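Q: Dumping the structure here so I can ask a few things about it.
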Amino acid sequence: MESQKKSSQPANKTSASEEHEEEQCCADTSCENNEKQEPSSPKQGDFSDPVYKEIAMENGAINRMNRDELCAKCAELKLDTRGVKDVLKKRLKSYYKRQKLMHSAAANGNSAVYFDYICVVDYEATCEENNPPDYLHEIIEFPMVLIDTHTLEIKVVDEAETFHQVLKRAVSWLQEKELGTKYTYTFLTDGSWDMGKFLHTQCKLSCIRFPPFARKWINIRKSYGNFYKVPRTQTKLICMLENLGMQYDGRPHCGLDDSHNIARIAIHMLKDGCQLRVNECLHSGEPRSVPISAPIEGAPAPQNPKKRN
């Protein structure tokens, strides 16, 4: 067996009884299959405020810069100078926007991030050559990388026991960090398959109910594409790293190394001003998009896995 990576193929259909049970996975009935762009801020202020005219003027000046000028301006402001031209433009625009809104009533109390912690997961699962549509993938690596969104520090846990034991230890680890009680948090994945396919399938195989805390997550591919305005072809892990001026660190297709590199991308996006928000959920056993109009909610406090009836 070898590890299976993500693809855009949807999750398998569930039986009628399972589908009824999984309908409660996401209570947000506004979930839809779309990829709307993120808002520039969680609460849009009064756009007649002069600060927005100043921001628009700065954006226009940035759009007229060539790459050397963008790099020079980033260096002058002590910002990261790595990345392709579009990334540098976004970095500068986000910097000036944050600075101007920070000193304006138009900021309307906005915070820089939505969650105290972001938990990055990138499962590795069994597969066969030319997997049939009904192939049941079993999780063989269960790594988790926790990002402190305020300090941008990374904490790591890597588990490799039976799934039920691993899930219980992962829950204990999250509880020790007081996530969902003292601190807000959510999950982040590289695509839809980790939660919508691998975890969902493994829970059925292990006769465990799908954990409520994993029902919504951030799909970083969508967030990256919307924030930097790039096509889907530019949202694969290696492409995202290269466009941000970084190289892959570690062994490709190792769950822990993949998770660590995904976390590096997320941290880079936070530094560039991206307010990472939940954009997918599990609904009726399949991944669905969460519209930007949905309320911002962190994951519930993690609980030990429960057996299916």
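In the structure tokens, chains take letters A, B, ... by order of appearance, with residues numbered from 1 within each chain and ligands from 1 in the order shown.
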Would you list, as a PDB file with C-alpha atoms, in the first residue's frame, the residues of stretch 74-308 of chain A that end up in helix (DSSP H, G or I) under DSSP run on this structure's backbone?
A:
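part31.pdb, freshly written:
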```pdb
ATOM      1  CA  CYS A  74       8.955  45.650   0.398  1.00  0.00           C
ATOM      2  CA  ALA A  75      12.579  45.864   1.530  1.00  0.00           C
ATOM      3  CA  GLU A  76      12.075  49.510   2.552  1.00  0.00           C
ATOM      4  CA  LYS A  85       4.960  39.768  -8.829  1.00  0.00           C
ATOM      5  CA  ASP A  86       1.292  39.209  -7.932  1.00  0.00           C
ATOM      6  CA  VAL A  87       2.245  38.010  -4.448  1.00  0.00           C
ATOM      7  CA  LEU A  88       4.399  41.093  -3.868  1.00  0.00           C
ATOM      8  CA  LYS A  89       1.534  43.352  -4.991  1.00  0.00           C
ATOM      9  CA  LYS A  90      -0.884  41.658  -2.609  1.00  0.00           C
ATOM     10  CA  ARG A  91       1.635  41.903   0.233  1.00  0.00           C
ATOM     11  CA  LEU A  92       2.088  45.641  -0.210  1.00  0.00           C
ATOM     12  CA  LYS A  93      -1.624  46.326  -0.628  1.00  0.00           C
ATOM     13  CA  SER A  94      -2.433  44.355   2.511  1.00  0.00           C
ATOM     14  CA  TYR A  95       0.292  46.172   4.445  1.00  0.00           C
ATOM     15  CA  TYR A  96      -0.950  49.661   3.501  1.00  0.00           C
ATOM     16  CA  LYS A  97      -4.569  48.681   4.095  1.00  0.00           C
ATOM     17  CA  ARG A  98      -3.782  47.382   7.596  1.00  0.00           C
ATOM     18  CA  GLN A  99      -1.783  50.486   8.434  1.00  0.00           C
ATOM     19  CA  LYS A 100      -4.469  52.909   7.296  1.00  0.00           C
ATOM     20  CA  LEU A 101      -7.388  51.054   8.855  1.00  0.00           C
ATOM     21  CA  MET A 102      -5.461  50.664  12.085  1.00  0.00           C
ATOM     22  CA  ALA A 105     -12.476  54.623  12.770  1.00  0.00           C
ATOM     23  CA  ALA A 106     -13.338  52.736   9.587  1.00  0.00           C
ATOM     24  CA  ALA A 107     -11.555  49.734  11.113  1.00  0.00           C
ATOM     25  CA  PHE A 163      -7.196   4.970  14.407  1.00  0.00           C
ATOM     26  CA  HIS A 164      -9.383   4.882  17.524  1.00  0.00           C
ATOM     27  CA  GLN A 165      -6.341   5.309  19.796  1.00  0.00           C
ATOM     28  CA  VAL A 166      -4.897   8.045  17.602  1.00  0.00           C
ATOM     29  CA  LEU A 167      -8.153   9.990  17.551  1.00  0.00           C
ATOM     30  CA  LYS A 168      -8.447   9.785  21.345  1.00  0.00           C
ATOM     31  CA  ARG A 169      -4.863  11.011  21.783  1.00  0.00           C
ATOM     32  CA  ALA A 170      -5.440  13.808  19.281  1.00  0.00           C
ATOM     33  CA  VAL A 171      -8.544  14.873  21.228  1.00  0.00           C
ATOM     34  CA  SER A 172      -6.556  14.831  24.498  1.00  0.00           C
ATOM     35  CA  TRP A 173      -3.824  16.928  22.885  1.00  0.00           C
ATOM     36  CA  LEU A 174      -6.358  19.509  21.687  1.00  0.00           C
ATOM     37  CA  GLN A 175      -8.018  19.539  25.115  1.00  0.00           C
ATOM     38  CA  GLU A 176      -4.661  20.159  26.809  1.00  0.00           C
ATOM     39  CA  TRP A 193     -10.285  15.084   0.882  1.00  0.00           C
ATOM     40  CA  ASP A 194      -8.767  15.051   4.393  1.00  0.00           C
ATOM     41  CA  MET A 195     -12.067  15.668   6.163  1.00  0.00           C
ATOM     42  CA  GLY A 196     -14.596  15.052   3.392  1.00  0.00           C
ATOM     43  CA  LYS A 197     -13.124  11.727   2.244  1.00  0.00           C
ATOM     44  CA  PHE A 198     -10.392  10.225   4.429  1.00  0.00           C
ATOM     45  CA  LEU A 199     -11.653  11.060   7.933  1.00  0.00           C
ATOM     46  CA  HIS A 200     -15.286  10.474   6.959  1.00  0.00           C
ATOM     47  CA  THR A 201     -14.474   7.047   5.463  1.00  0.00           C
ATOM     48  CA  GLN A 202     -12.191   6.026   8.336  1.00  0.00           C
ATOM     49  CA  CYS A 203     -14.845   6.868  10.923  1.00  0.00           C
ATOM     50  CA  LYS A 204     -17.306   4.598   9.128  1.00  0.00           C
ATOM     51  CA  LEU A 205     -14.739   1.782   8.896  1.00  0.00           C
ATOM     52  CA  PRO A 212     -18.282  17.418  15.552  1.00  0.00           C
ATOM     53  CA  PHE A 213     -15.089  19.476  15.862  1.00  0.00           C
ATOM     54  CA  ALA A 214     -13.995  18.371  12.354  1.00  0.00           C
ATOM     55  CA  ILE A 220      -6.205  26.491   2.026  1.00  0.00           C
ATOM     56  CA  ARG A 221      -6.305  25.937  -1.746  1.00  0.00           C
ATOM     57  CA  LYS A 222      -9.484  28.007  -1.986  1.00  0.00           C
ATOM     58  CA  SER A 223      -8.194  30.627   0.450  1.00  0.00           C
ATOM     59  CA  TYR A 224      -4.895  30.933  -1.416  1.00  0.00           C
ATOM     60  CA  GLY A 225      -6.538  31.164  -4.841  1.00  0.00           C
ATOM     61  CA  ASN A 226      -9.047  33.790  -3.716  1.00  0.00           C
ATOM     62  CA  PHE A 227      -6.527  35.881  -1.786  1.00  0.00           C
ATOM     63  CA  TYR A 228      -3.754  35.968  -4.388  1.00  0.00           C
ATOM     64  CA  ARG A 232      -6.684  26.415  -9.366  1.00  0.00           C
ATOM     65  CA  THR A 233      -3.672  25.121 -11.264  1.00  0.00           C
ATOM     66  CA  GLN A 234      -1.524  27.375  -9.057  1.00  0.00           C
ATOM     67  CA  LEU A 237       1.262  22.553  -2.491  1.00  0.00           C
ATOM     68  CA  ILE A 238       4.523  22.916  -4.435  1.00  0.00           C
ATOM     69  CA  CYS A 239       3.099  25.746  -6.583  1.00  0.00           C
ATOM     70  CA  MET A 240       1.906  27.684  -3.545  1.00  0.00           C
ATOM     71  CA  LEU A 241       5.310  27.368  -1.900  1.00  0.00           C
ATOM     72  CA  GLU A 242       7.209  28.387  -5.037  1.00  0.00           C
ATOM     73  CA  ASN A 243       4.941  31.371  -5.720  1.00  0.00           C
ATOM     74  CA  GLY A 255       2.032  13.494   6.306  1.00  0.00           C
ATOM     75  CA  LEU A 256       3.931  15.400   8.984  1.00  0.00           C
ATOM     76  CA  ASP A 257       6.225  17.150   6.500  1.00  0.00           C
ATOM     77  CA  ASP A 258       3.268  18.032   4.266  1.00  0.00           C
ATOM     78  CA  SER A 259       1.399  19.448   7.278  1.00  0.00           C
ATOM     79  CA  HIS A 260       4.427  21.492   8.289  1.00  0.00           C
ATOM     80  CA  ASN A 261       4.753  22.981   4.790  1.00  0.00           C
ATOM     81  CA  ILE A 262       1.025  23.736   4.624  1.00  0.00           C
ATOM     82  CA  ALA A 263       1.405  25.539   7.962  1.00  0.00           C
ATOM     83  CA  ARG A 264       4.290  27.574   6.500  1.00  0.00           C
ATOM     84  CA  ILE A 265       1.990  28.691   3.670  1.00  0.00           C
ATOM     85  CA  ALA A 266      -0.781  29.588   6.121  1.00  0.00           C
ATOM     86  CA  ILE A 267       1.629  31.650   8.236  1.00  0.00           C
ATOM     87  CA  HIS A 268       2.877  33.433   5.112  1.00  0.00           C
ATOM     88  CA  MET A 269      -0.712  34.242   4.141  1.00  0.00           C
ATOM     89  CA  LEU A 270      -1.463  35.601   7.632  1.00  0.00           C
ATOM     90  CA  LYS A 271       1.630  37.805   7.399  1.00  0.00           C
TER      91      LYS A 271
END
```
Q: Would you list, as a VMD selection string, the residues of stretch 81-284 of chain A that end up in strand (DSSP E) under DSSP run on this structure's backbone?
A: chain A and resid 117 to 121 124 to 125 139 to 148 154 to 159 185 to 189 216 to 219 280 to 283
Q: So that I can check the surroundings of A:Arg82, please list as a list in words every protein, DNA and RNA residue that reaches within 8 Å of it, counting only C-alpha atoms and ignoring chain neighbours fewer than 3 positions away.
A: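 Surrounding residues, per the criterion: Cys71, Leu88, Leu244, Gly245 and Met246 of chain A.
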Q: Store the residues picked out above, limited to N, CA and C atoms, as a PDB file, in the first residue's frame.
A:
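What follows is the written file result.pdb:
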```pdb
ATOM      1  N   CYS A  71       9.889  44.857  -5.052  1.00  0.00           N
ATOM      2  CA  CYS A  71      10.871  44.297  -4.124  1.00  0.00           C
ATOM      3  C   CYS A  71      11.532  45.403  -3.293  1.00  0.00           C
ATOM      4  N   LEU A  88       3.814  39.864  -4.411  1.00  0.00           N
ATOM      5  CA  LEU A  88       4.399  41.093  -3.868  1.00  0.00           C
ATOM      6  C   LEU A  88       3.387  42.235  -3.864  1.00  0.00           C
ATOM      7  N   LEU A 244       5.321  31.751  -3.345  1.00  0.00           N
ATOM      8  CA  LEU A 244       5.617  32.565  -2.165  1.00  0.00           C
ATOM      9  C   LEU A 244       7.119  32.676  -1.925  1.00  0.00           C
ATOM     10  N   GLY A 245       7.893  32.110  -2.843  1.00  0.00           N
ATOM     11  CA  GLY A 245       9.348  32.205  -2.735  1.00  0.00           C
ATOM     12  C   GLY A 245       9.960  31.215  -1.763  1.00  0.00           C
ATOM     13  N   MET A 246       9.267  30.090  -1.511  1.00  0.00           N
ATOM     14  CA  MET A 246       9.755  29.090  -0.564  1.00  0.00           C
ATOM     15  C   MET A 246       9.974  27.753  -1.264  1.00  0.00           C
TER      16      MET A 246
END
```
Q: Need to verify the contact set: A:Thr189, 6 Å, only C-alpha atoms, exclusion of same-chain residues closer than 2 positions in sequence. Can you return it as a list in words?
A: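 Within the cut-off, the hits are Val120, Val121, Gly191 and Asn219 of chain A.
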Q: What is the distance, in Å and to one decimal place, between atom CA of A:Pro300 and atom CA of A:Ala125?
A: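 If I compute the distance from atom CA of A:Pro300 to atom CA of A:Ala125, I get 25.7 Å.
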Q: Just how far from atom CA of A:Phe115 is atom CA of A:Glu178, in Å to one decimal?
A: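 Interatomic distance here is 13.2 Å.
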Q: Quick one: everything within 7 Å of stretch 155-157 of chain A, counting only C-alpha atoms, minus sequence neighbours fewer than 5 positions away in the same chain. Send it as a PyMOL selection string.
A: chain A and resi 143-147
Q: Hey, can you spit out that residue selection with C-alpha atoms as a PDB file, in the first residue's frame?
A:
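The new file out-v3.pdb reads:
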```pdb
ATOM      1  CA  PRO A 143      -0.237  14.345  11.816  1.00  0.00           C
ATOM      2  CA  MET A 144      -1.430  17.637  13.306  1.00  0.00           C
ATOM      3  CA  VAL A 145       0.373  20.975  13.258  1.00  0.00           C
ATOM      4  CA  LEU A 146      -1.011  23.744  15.464  1.00  0.00           C
ATOM      5  CA  ILE A 147      -0.454  27.391  14.497  1.00  0.00           C
TER       6      ILE A 147
END
```
Q: Got a sec: who's within 6 Å of A:Cys281, counting only C-alpha atoms, leaving out chain neighbours fewer than 3 positions off, as a list in words?
A: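 Within the cut-off, the hits are Arg215, Lys216, Pro287 and Arg288 of chain A.
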Q: Those same residues - all heavy atoms - I'd like them written as a PDB file, in the first residue's frame.
A:
```pdb
ATOM      1  N   ARG A 215     -16.183  19.105  11.567  1.00  0.00           N
ATOM      2  CA  ARG A 215     -17.234  19.258  10.560  1.00  0.00           C
ATOM      3  C   ARG A 215     -17.044  20.475   9.654  1.00  0.00           C
ATOM      4  O   ARG A 215     -17.631  20.554   8.588  1.00  0.00           O
ATOM      5  CB  ARG A 215     -18.599  19.347  11.257  1.00  0.00           C
ATOM      6  CG  ARG A 215     -19.009  18.036  11.900  1.00  0.00           C
ATOM      7  CD  ARG A 215     -20.241  18.195  12.754  1.00  0.00           C
ATOM      8  NE  ARG A 215     -20.597  16.923  13.397  1.00  0.00           N
ATOM      9  CZ  ARG A 215     -21.498  16.802  14.352  1.00  0.00           C
ATOM     10  NH1 ARG A 215     -22.141  17.868  14.782  1.00  0.00           N
ATOM     11  NH2 ARG A 215     -21.768  15.618  14.872  1.00  0.00           N
ATOM     12  N   LYS A 216     -16.245  21.436  10.083  1.00  0.00           N
ATOM     13  CA  LYS A 216     -15.963  22.611   9.251  1.00  0.00           C
ATOM     14  C   LYS A 216     -14.463  22.839   9.246  1.00  0.00           C
ATOM     15  O   LYS A 216     -13.776  22.570  10.231  1.00  0.00           O
ATOM     16  CB  LYS A 216     -16.688  23.846   9.786  1.00  0.00           C
ATOM     17  CG  LYS A 216     -18.203  23.753   9.730  1.00  0.00           C
ATOM     18  CD  LYS A 216     -18.839  25.056  10.213  1.00  0.00           C
ATOM     19  CE  LYS A 216     -20.358  24.976  10.162  1.00  0.00           C
ATOM     20  NZ  LYS A 216     -20.993  26.243  10.598  1.00  0.00           N
ATOM     21  N   PRO A 287     -18.274  16.976   1.182  1.00  0.00           N
ATOM     22  CA  PRO A 287     -17.778  18.329   1.423  1.00  0.00           C
ATOM     23  C   PRO A 287     -18.567  19.360   0.630  1.00  0.00           C
ATOM     24  O   PRO A 287     -18.892  19.135  -0.539  1.00  0.00           O
ATOM     25  CB  PRO A 287     -16.314  18.259   0.954  1.00  0.00           C
ATOM     26  CG  PRO A 287     -16.284  17.123  -0.022  1.00  0.00           C
ATOM     27  CD  PRO A 287     -17.305  16.145   0.446  1.00  0.00           C
ATOM     28  N   ARG A 288     -18.896  20.450   1.263  1.00  0.00           N
ATOM     29  CA  ARG A 288     -19.607  21.556   0.623  1.00  0.00           C
ATOM     30  C   ARG A 288     -18.888  22.862   0.939  1.00  0.00           C
ATOM     31  O   ARG A 288     -18.240  22.996   1.978  1.00  0.00           O
ATOM     32  CB  ARG A 288     -21.047  21.647   1.139  1.00  0.00           C
ATOM     33  CG  ARG A 288     -21.906  20.431   0.838  1.00  0.00           C
ATOM     34  CD  ARG A 288     -22.359  20.416  -0.605  1.00  0.00           C
ATOM     35  NE  ARG A 288     -23.222  19.272  -0.885  1.00  0.00           N
ATOM     36  CZ  ARG A 288     -24.533  19.261  -0.687  1.00  0.00           C
ATOM     37  NH1 ARG A 288     -25.134  20.334  -0.193  1.00  0.00           N
ATOM     38  NH2 ARG A 288     -25.246  18.189  -0.976  1.00  0.00           N
TER      39      ARG A 288
END
```
Q: Using only C-alpha atoms, which residue out of A:Asp68, A:Phe210, A:Tyr52, A:Pro231 lies closest to A:His283?
A: A:Phe210
Q: Identify which of the residues A:Lys229, A:Leu77, A:Arg277, A:Gly83 lies closest to A:Gln247, counting only C-alpha atoms when measuring atom-to-atom distances.
A: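 When distances to A:Gln247 are compared using only C-alpha atoms, the smallest one comes from A:Gly83.
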